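See structure below.
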Amino acid sequence: MTTSADAATSARTEAPTAELHVVNHVHWDREWYRPHEQFRARLVELVERVCEQLETGRMRHFHLDGQTITVADVLEIRPDLEERIGALARAGRLTLGPWHVLSDNQLISTESIIRNLLAARRWGRRLGVELAPIGYCADIFGHPGDLPTILRGFGIDTALVWRGAPPQHAVFRWRAPSGDELVTLHQGYHEAAVLWDPERAQARLTDFLALESTRRPTGPWVLLNGGDHLMPHSLADQGPWAADLTAGGVRLREATLAEHFATLKDATGLPVVDGELRYPGGRLGFLLASTLSTRMPLKQANAVAQTLLERWAEPYLALAELHTDHDFANEHHLLTHAWELLIQNAAHDSVCGCSIDEVHRQTAVRYERATQLGEYILARALQRLGLDGRISQDLAHDTSEIAVLNPHGAPVTQGVVADLLTAPGRFPVEVLDPAGRPVPFDVETIGPVRAFEADLDLFPDNMEGVRHRLAFVAADVPAAGWGTYRVRLGDVAPVQPGWDDGNRLTIGSAHVTVAADASVSVTGPTGKVFSGLGRLVDGGDRGDSYNYDPPQADALITPTLLECRSRVTPARGQLHLTASLELPRGLADDRSERSRERIPVAVHITLTAWTGLPNLHWEVRLENTVTDHRLRVHFPVPGAPGTWTGDAHLSTVERPFGPVIGPLPTEPLHEAPIGIAPIQTLATAGSDTNRVAVLVSGLPEAQGVQDDDGDTELAITLLRSIGWLSRPDLTTRTASAGPTYEVPEAQCQGPQSFGWAVRVDGANGLQLTRAAAEHRAPLRARQLGVDRPAPTARRSYLSVEGALLGATKPSEDGHHVVLRLVNPTPTKRDVVMVCEDSIRARAADLDETPRAALHRDVDGCYQISIAPNSAASVLIQAKNVARPGNSKRR
């Protein structure tokens with residue numbers, strides 16, 4: 001008879017047949033169920049203990065969660081630790097990066113992802129280390145399909161994921177729409193319990209290996225020995241059983257992730273998984289999809305801040321640097337600081353809205369600070385380019401200039417609204433385009449204002465003036481530049497069309513009719529009528545910050561139209577609707593249904609159609625005074641298509657129409673599948689004349705809904721009001737996803753506003769994605785100061801044909817401007833880039849590593865071929881221009 005002790009002795013004497021790589025690590029949510037400063041205090045203690053254990057040899061390696069923000073946060077408090085951290089990192093004992101923060105990459109833009117990686121590279125340079133070459137995404141709530149393309153642009157060819165990965169695959173090749181691939185490991189990161197208790201560690205390790213063997217029969221296996229905010233117990237902390245570093249015939253070895261991936265990268269026959277990773281998880285593998293819409297005002301603030309930095313502050317700063325002799329070192333550092341604030345908010349528990357209220361007060365302030373910096377940088381850059389909007393002692397009396405700015409790579413025609421400050425008693429009477437031709441416009445006089453201006457070279461002054469609001473269509477505003485409109489002033493206010501009662505609007509070929517539920521019917525250019533567009537639908541939500549959970553008997557509520565007024569001016573047609581949503585005050589006491597008490601919520605809707613343009617714009621305002629509900633806007637799609645499409649970072653994603661929620665879980669520790677999905681700026685469905693396209697910014701949650709009759713609708717979430725960080729009693733998730741804390745501010749009480757646009761003209765492909773990009777960053781109008789005219793009426797610094805201009809930014813080395821040319825289509829595109837003769841260009845990787853010089857064709861243009869669903873980076877530089885003040889940023 002063989003005893004268990006005999007078996008253990010035999011196992012120790014046999015040569016191990018496989019290896020288990022033990023990766024000591026921590027997962028550090030910078031802020032979540034505690035505010036940032038409380039978590040940071042714990043982080044400082046952890047990092048000092050990790051340094052001590054690495055220095056004394058109790059641990060061989062430690063992975064600091066794949067994000068350099070952990071180092072940055074520690075060194076703000078303990079700068080004396082920098083040399084120890086740097087020395088351990090340079091020795092390969094402490095692994096850092098590749099991220100600056102572990103961000104939710106579904107909710108942020110392409111450029112935000114790239115800037116996150118670039119920020120980590122700056123920390124790597126500061127510490128003198130190469131960052132870990134692993135796309136580490138351990139606890140993110142799903143992964144965009146374009147991430148392999150972005151990571152490959154930084155020389156990263158592997159990834160580690162957990163949530164959202166297909167549960168049937170432990171190792172696979174993750175393939176982006178571009179064709180780029182990453183060898184990807186599907187691995188849970190929270191395994192600190194295995195070695196936590198030395199008395200039970202051997203048994204738990206045996207159980208862990210048995211489970212892993214079902215996923216990866218031959219090994220080597222990996223144990224991610226760590227968890228949320230924990231100092232893990234290493235092999236050195238274990239009992240006598242671990243003395244020979246074997247267990248059950250398996251050799252135990254502390255290793256780095258890179259060492260483990262070295263055993264995987266040459267594997268053959270791996271399954272290929274295409275596109276986004278948003279697969280329903282198994283036991284505890286929650287996707288937590290409703291974080292796409294939790295605390296929607298934060299998502300809107302993120303969109304405002306990242307659009308301001310990417311599409312306005314950076315491009316005009318880069319152009320000013322390229323075409324003027326000014327030193328922009330200060331602006332570079334301010335821009336880096338603004339991006340740091342924005343990237344900090346991209347952490348998944350921050351931008352997802354699934355933290356306590358104290359945390360999100362801080363994230364809101366960071367967005368405000370980033371926005372303040374972006375506006376300052378933009379104003380300074382425009383001043384250097386000759387577009388000075390500061391007012392001085394004199395206000396406009398006879399004429400005034402308005403510069404209409406276009407940051408895109410092609411000319412844009414859009415309606416613009418511009419505030420105009422004039423001397424008292426003066427009114428806009430005529431608007432002239434850059435060629436001096438009259439432009440149809442309408443104007444609203446806001447009233448008298450006391451204007452104030454001050455700057456380093458402007459003595460503080462108050463001026464009595466009058467503010468007017470002009471609206472006109474700016475046609476063919478030059479790419480990456482501006483067009484200047486001259487406003488002639490007079491002493492008599494022009495007669496303006498008034499508002500009339502009525503529920504119809506006709507402007508050009510567009511016909512709009514308002515229904516009793518405040519939705520609209522729109523006649524498309526072919527005469528086809530699209531009904532029910534923009535229908536608001538409110539339902540109960542007994543869920544938490546992670547998961548939508550409707551009450552058992554949920555009655556969906558739509559508005560009742562109370563009043564409708566319309567007006568048509570030479571520039572645009574508008575409808576103003578007042579409606580009422582009769583909403584339950586909240587949930588009943590047992591949370592099984594909505595309360596019987598109803599509260600009227602007034603909804604104010606303005607629809608705008610600009611003369612000659614295809615978009616119909618919505619602006620919606622309401623005061624949210626009820627709790628525990630979800631508000632969505634619906635768009636019926638004719639023809640009952642089987643799929644709908646949303647845009648991602650470098651591609652579009654086709655998804656099925658289906659029910660609002662899939663089958664509810666019947667086992668503990670599981671989650672219901674739900675059809676909501678992330679979008680960046682666009683949701684569309686239908687073919688040709690049946691196509692409905694919805695353009696959004698800051699509304700990242702969409703769904704294609706099919707009802708029992710087979711009818712299909714696009715639904716965009718506007719607002720989720722919930723009051724709990726996590727709850728254990730949901731029907732859509734049968735376990736808690738975090739602490740059971742109340743978060744009353746997640747009810748999003750108070751004023752709310754939303755906007756979107758709809759097209760029914762059949763646009764598709766690059767035309768439609770370009771329209772979405774232009775809707776995300778519409779033309780800006782800026783009044784210039786008196787006696788500060790624009791240097792020229794029209795100016796284009798560069799243009800791009802055949803692709804989108806995704807970014808125009810100062811380079812990391814301070815000596816170039818980086819252009820990001822994006823091909824969001826599934827076919828290769830040959831792109832033409834036009835810029836001044838003094839500009840030279842060369843190709844580069846996404847991480848700005850220079851590649852081959854580019855050469856102009858016989859027409860003086862640069863021809864660039866861009867692979868499908870990819871981005872090409874181009875470094876441009878003015879010949880013989882040195883910028884000594886703009887040295888490499890830290």
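Residue numbers start at 1 in each chain; chains themselves are named A, B, ... in the order of the structure tokens; ligands are numbered from 1 in the order shown.
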(message) For Ala313 of chain A, find every residue with an atom within 8 Å (counting only C-alpha atoms), except residues of its own chain fewer than 4 positions away, and show them as a VMD selection string.
(response) chain A and resid 308 to 309 317 374 to 375 377 to 378 381
(request) With a distance cut-off of 10 Å and only C-alpha atoms, select the neighbouring residues of segment 27-34 of chain A, excluding the residue or stretch itself and same-chain residues fewer than 5 positions from it, and output the selection as a PyMOL selection string. (result) chain A and resi 39-40+43+63-67+69-70+73+101-102+138-139+189-190+226-231+344-345+347-350+353-360+362-363+725+738-741
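With only C-alpha atoms taken into account, the protein and nucleic acid residues at most 6 Å from segment 528-534 of chain A (excluding it and anything under 3 positions from it in its own chain) are A:Ser519, A:Val520, A:Ser521, A:Val522, A:Thr523, A:Gly524, A:Val633, A:His634, A:Phe635.
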(request) Identify which of the residues A:Thr246, A:Ser103, A:Thr611, A:Gln168 lies closest to Glu19 of chain A, counting only C-alpha atoms when measuring atom-to-atom distances. (result)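 Closest to Glu19 of chain A, using only C-alpha atoms: A:Thr246.
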At a cut-off of 6 Å, can you tabulate as a tab-separated table every residue of segment 588-661 of chain A near segment 675-684 of chain A together with its closest atom pair and the distance in Å to one decimal, using only C-alpha atoms and ordering rows by chain then number?
residue	atom	partner	partner_atom	distance
A:Trp644	CA	A:Thr684	CA	5.9
A:Thr645	CA	A:Thr684	CA	5.3
A:Gly646	CA	A:Ala683	CA	4.4
A:Asp647	CA	A:Leu682	CA	5.4
A:Ala648	CA	A:Gln680	CA	5.7
(request) Rank A:Asp157, A:Glu812, A:Thr560, A:Ala475 by their smallest atom-to-atom distance to Arg122 of chain A, using only C-alpha atoms, and report the top residue only. (result) A:Glu812
(message) Residues near segment 491-499 of chain A, anyone? I mean within 8 Å using only C-alpha atoms, not counting same-chain ones fewer than 3 positions away, as a ChimeraX atom specification.
(response) /A:425-429,442-443,565-569
(request) Using only C-alpha atoms, determine which residues lie at most 7 Å from segment 320-336 of chain A, disregarding the query and same-chain residues fewer than 3 positions distant; provide the list as a VMD selection string. (result) chain A and resid 316 to 317 339 to 340 373 377 381 384 to 385 877 to 878 885 to 886
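Here atom CA of Thr294 of chain A and atom CA of His100 of chain A stand 23.7 Å from one another.
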(message) I'd like the neighbourhood of Leu96 of chain A as a count of residues only, where a residue qualifies if any of its atoms comes within 12 Å (using only C-alpha atoms), though same-chain residues fewer than 4 positions away should be ignored.
(response) 43
Can you list every residue of segment 699-752 of chain A that has an atom at most 8 Å from segment 657-671 of chain A, with its nearest atom pair and the distance in Å to one decimal, using only C-alpha atoms, ordered by chain then number, as JSON lines?
{"residue": "A:Gln703", "atom": "CA", "partner": "A:Phe657", "partner_atom": "CA", "distance": 7.6}
{"residue": "A:Gly704", "atom": "CA", "partner": "A:Phe657", "partner_atom": "CA", "distance": 4.5}
{"residue": "A:Val705", "atom": "CA", "partner": "A:Gly658", "partner_atom": "CA", "distance": 5.1}
{"residue": "A:Gln706", "atom": "CA", "partner": "A:Gly658", "partner_atom": "CA", "distance": 4.9}
{"residue": "A:Asp707", "atom": "CA", "partner": "A:Pro659", "partner_atom": "CA", "distance": 6.6}
{"residue": "A:Thr712", "atom": "CA", "partner": "A:Phe657", "partner_atom": "CA", "distance": 7.0}
{"residue": "A:Thr731", "atom": "CA", "partner": "A:Leu664", "partner_atom": "CA", "distance": 6.6}
{"residue": "A:Thr732", "atom": "CA", "partner": "A:Glu671", "partner_atom": "CA", "distance": 5.6}
{"residue": "A:Arg733", "atom": "CA", "partner": "A:Glu671", "partner_atom": "CA", "distance": 4.2}
{"residue": "A:Thr734", "atom": "CA", "partner": "A:Leu669", "partner_atom": "CA", "distance": 5.1}
{"residue": "A:Ala735", "atom": "CA", "partner": "A:Leu669", "partner_atom": "CA", "distance": 5.0}
Go ahead and write the residues just picked, C-alpha atoms, as a PDB file, in the first residue's frame.
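Output (again09.pdb):
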ATOM      1  CA  GLN A 703     -27.538  48.249 -29.625  1.00  0.00           C
ATOM      2  CA  GLY A 704     -29.374  46.727 -32.567  1.00  0.00           C
ATOM      3  CA  VAL A 705     -32.741  45.622 -31.163  1.00  0.00           C
ATOM      4  CA  GLN A 706     -35.120  43.210 -32.854  1.00  0.00           C
ATOM      5  CA  ASP A 707     -38.571  42.764 -31.335  1.00  0.00           C
ATOM      6  CA  THR A 712     -35.394  46.335 -36.091  1.00  0.00           C
ATOM      7  CA  THR A 731     -31.027  38.831 -12.404  1.00  0.00           C
ATOM      8  CA  THR A 732     -28.519  39.622 -15.161  1.00  0.00           C
ATOM      9  CA  ARG A 733     -25.451  38.811 -13.008  1.00  0.00           C
ATOM     10  CA  THR A 734     -25.568  36.216 -10.265  1.00  0.00           C
ATOM     11  CA  ALA A 735     -22.756  37.526  -8.063  1.00  0.00           C
TER      12      ALA A 735
END
(request) Enumerate the residues of segment 83-240 of chain A with a DSSP assignment of strand (DSSP E), computed from the backbone, and present them as a list in words. (result)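 The strand (DSSP E) subset of segment 83-240 of chain A is Leu94, Thr95, Gly135, Tyr136, Cys137, Thr158, Ala159, Leu160, Val161, Val171, Phe172, Arg173, Trp174, Arg175, Glu181, Leu182, Val183, Thr184, Leu185, His186, Trp221, Val222, Leu223, Leu224 and Asn225 of chain A.
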(request) Tell me which protein, DNA and RNA residues are within 10 Å of segment 852-865 of chain A, counting only C-alpha atoms, leaving out same-chain ones fewer than 2 positions away, and put them as a ChimeraX atom specification. (result) /A:800-802,821,823,828-837,840-844,850,867-868,872,874-876
(request) May I ask which of the residues A:Gly698, A:Gly219, A:Pro826, A:Gly57 is the closest one to Leu298 of chain A, counting only C-alpha atoms? (result)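 Closest candidate: A:Gly698.
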(request) Rank nothing, just name the residue among A:Gly481, A:Thr792, A:Glu623, A:Ala203 nearest to Pro434 of chain A, using only C-alpha atoms. (result) A:Thr792
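Nearest to Tyr367 of chain A of all the residues A:Ile77, A:Ile402, A:Val304, A:Leu714 is A:Val304, counting only C-alpha atoms.
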(request) Write out as a PyMOL selection string all residues of segment 724-796 of chain A that backbone DSSP assigns to helix (DSSP H, G or I). (result) chain A and resi 744-747+765-776
Keeping only N, CA and C atoms, write those residues as a PDB file, in the first residue's frame.
ATOM      1  N   PRO A 744     -24.917  57.355  -4.645  1.00  0.00           N
ATOM      2  CA  PRO A 744     -26.095  58.138  -5.048  1.00  0.00           C
ATOM      3  C   PRO A 744     -25.835  59.096  -6.203  1.00  0.00           C
ATOM      4  N   GLU A 745     -24.591  59.560  -6.356  1.00  0.00           N
ATOM      5  CA  GLU A 745     -24.314  60.506  -7.443  1.00  0.00           C
ATOM      6  C   GLU A 745     -24.336  59.837  -8.810  1.00  0.00           C
ATOM      7  N   ALA A 746     -24.293  58.494  -8.844  1.00  0.00           N
ATOM      8  CA  ALA A 746     -24.429  57.792 -10.119  1.00  0.00           C
ATOM      9  C   ALA A 746     -25.868  57.822 -10.637  1.00  0.00           C
ATOM     10  N   GLN A 747     -26.798  58.353  -9.851  1.00  0.00           N
ATOM     11  CA  GLN A 747     -28.155  58.570 -10.355  1.00  0.00           C
ATOM     12  C   GLN A 747     -28.196  59.706 -11.378  1.00  0.00           C
ATOM     13  N   GLY A 765     -19.430  53.770 -46.377  1.00  0.00           N
ATOM     14  CA  GLY A 765     -17.987  53.704 -46.558  1.00  0.00           C
ATOM     15  C   GLY A 765     -17.261  54.899 -45.988  1.00  0.00           C
ATOM     16  N   LEU A 766     -16.205  55.314 -46.701  1.00  0.00           N
ATOM     17  CA  LEU A 766     -15.385  56.425 -46.234  1.00  0.00           C
ATOM     18  C   LEU A 766     -16.192  57.706 -46.136  1.00  0.00           C
ATOM     19  N   GLN A 767     -17.163  57.898 -47.015  1.00  0.00           N
ATOM     20  CA  GLN A 767     -18.001  59.095 -46.955  1.00  0.00           C
ATOM     21  C   GLN A 767     -18.714  59.202 -45.618  1.00  0.00           C
ATOM     22  N   LEU A 768     -19.212  58.072 -45.128  1.00  0.00           N
ATOM     23  CA  LEU A 768     -19.960  58.095 -43.872  1.00  0.00           C
ATOM     24  C   LEU A 768     -19.032  58.232 -42.665  1.00  0.00           C
ATOM     25  N   THR A 769     -17.906  57.522 -42.657  1.00  0.00           N
ATOM     26  CA  THR A 769     -16.979  57.666 -41.532  1.00  0.00           C
ATOM     27  C   THR A 769     -16.381  59.067 -41.502  1.00  0.00           C
ATOM     28  N   ARG A 770     -16.194  59.679 -42.670  1.00  0.00           N
ATOM     29  CA  ARG A 770     -15.729  61.067 -42.687  1.00  0.00           C
ATOM     30  C   ARG A 770     -16.789  61.988 -42.100  1.00  0.00           C
ATOM     31  N   ALA A 771     -18.054  61.749 -42.449  1.00  0.00           N
ATOM     32  CA  ALA A 771     -19.140  62.572 -41.892  1.00  0.00           C
ATOM     33  C   ALA A 771     -19.191  62.437 -40.378  1.00  0.00           C
ATOM     34  N   ALA A 772     -18.966  61.210 -39.855  1.00  0.00           N
ATOM     35  CA  ALA A 772     -18.967  61.010 -38.405  1.00  0.00           C
ATOM     36  C   ALA A 772     -17.808  61.742 -37.749  1.00  0.00           C
ATOM     37  N   ALA A 773     -16.630  61.713 -38.384  1.00  0.00           N
ATOM     38  CA  ALA A 773     -15.475  62.436 -37.840  1.00  0.00           C
ATOM     39  C   ALA A 773     -15.728  63.936 -37.824  1.00  0.00           C
ATOM     40  N   GLU A 774     -16.377  64.443 -38.850  1.00  0.00           N
ATOM     41  CA  GLU A 774     -16.675  65.880 -38.908  1.00  0.00           C
ATOM     42  C   GLU A 774     -17.761  66.252 -37.906  1.00  0.00           C
ATOM     43  N   HIS A 775     -18.684  65.342 -37.635  1.00  0.00           N
ATOM     44  CA  HIS A 775     -19.687  65.606 -36.607  1.00  0.00           C
ATOM     45  C   HIS A 775     -19.050  65.605 -35.228  1.00  0.00           C
ATOM     46  N   ARG A 776     -18.088  64.716 -35.003  1.00  0.00           N
ATOM     47  CA  ARG A 776     -17.391  64.678 -33.714  1.00  0.00           C
ATOM     48  C   ARG A 776     -16.630  65.976 -33.472  1.00  0.00           C
TER      49      ARG A 776
END
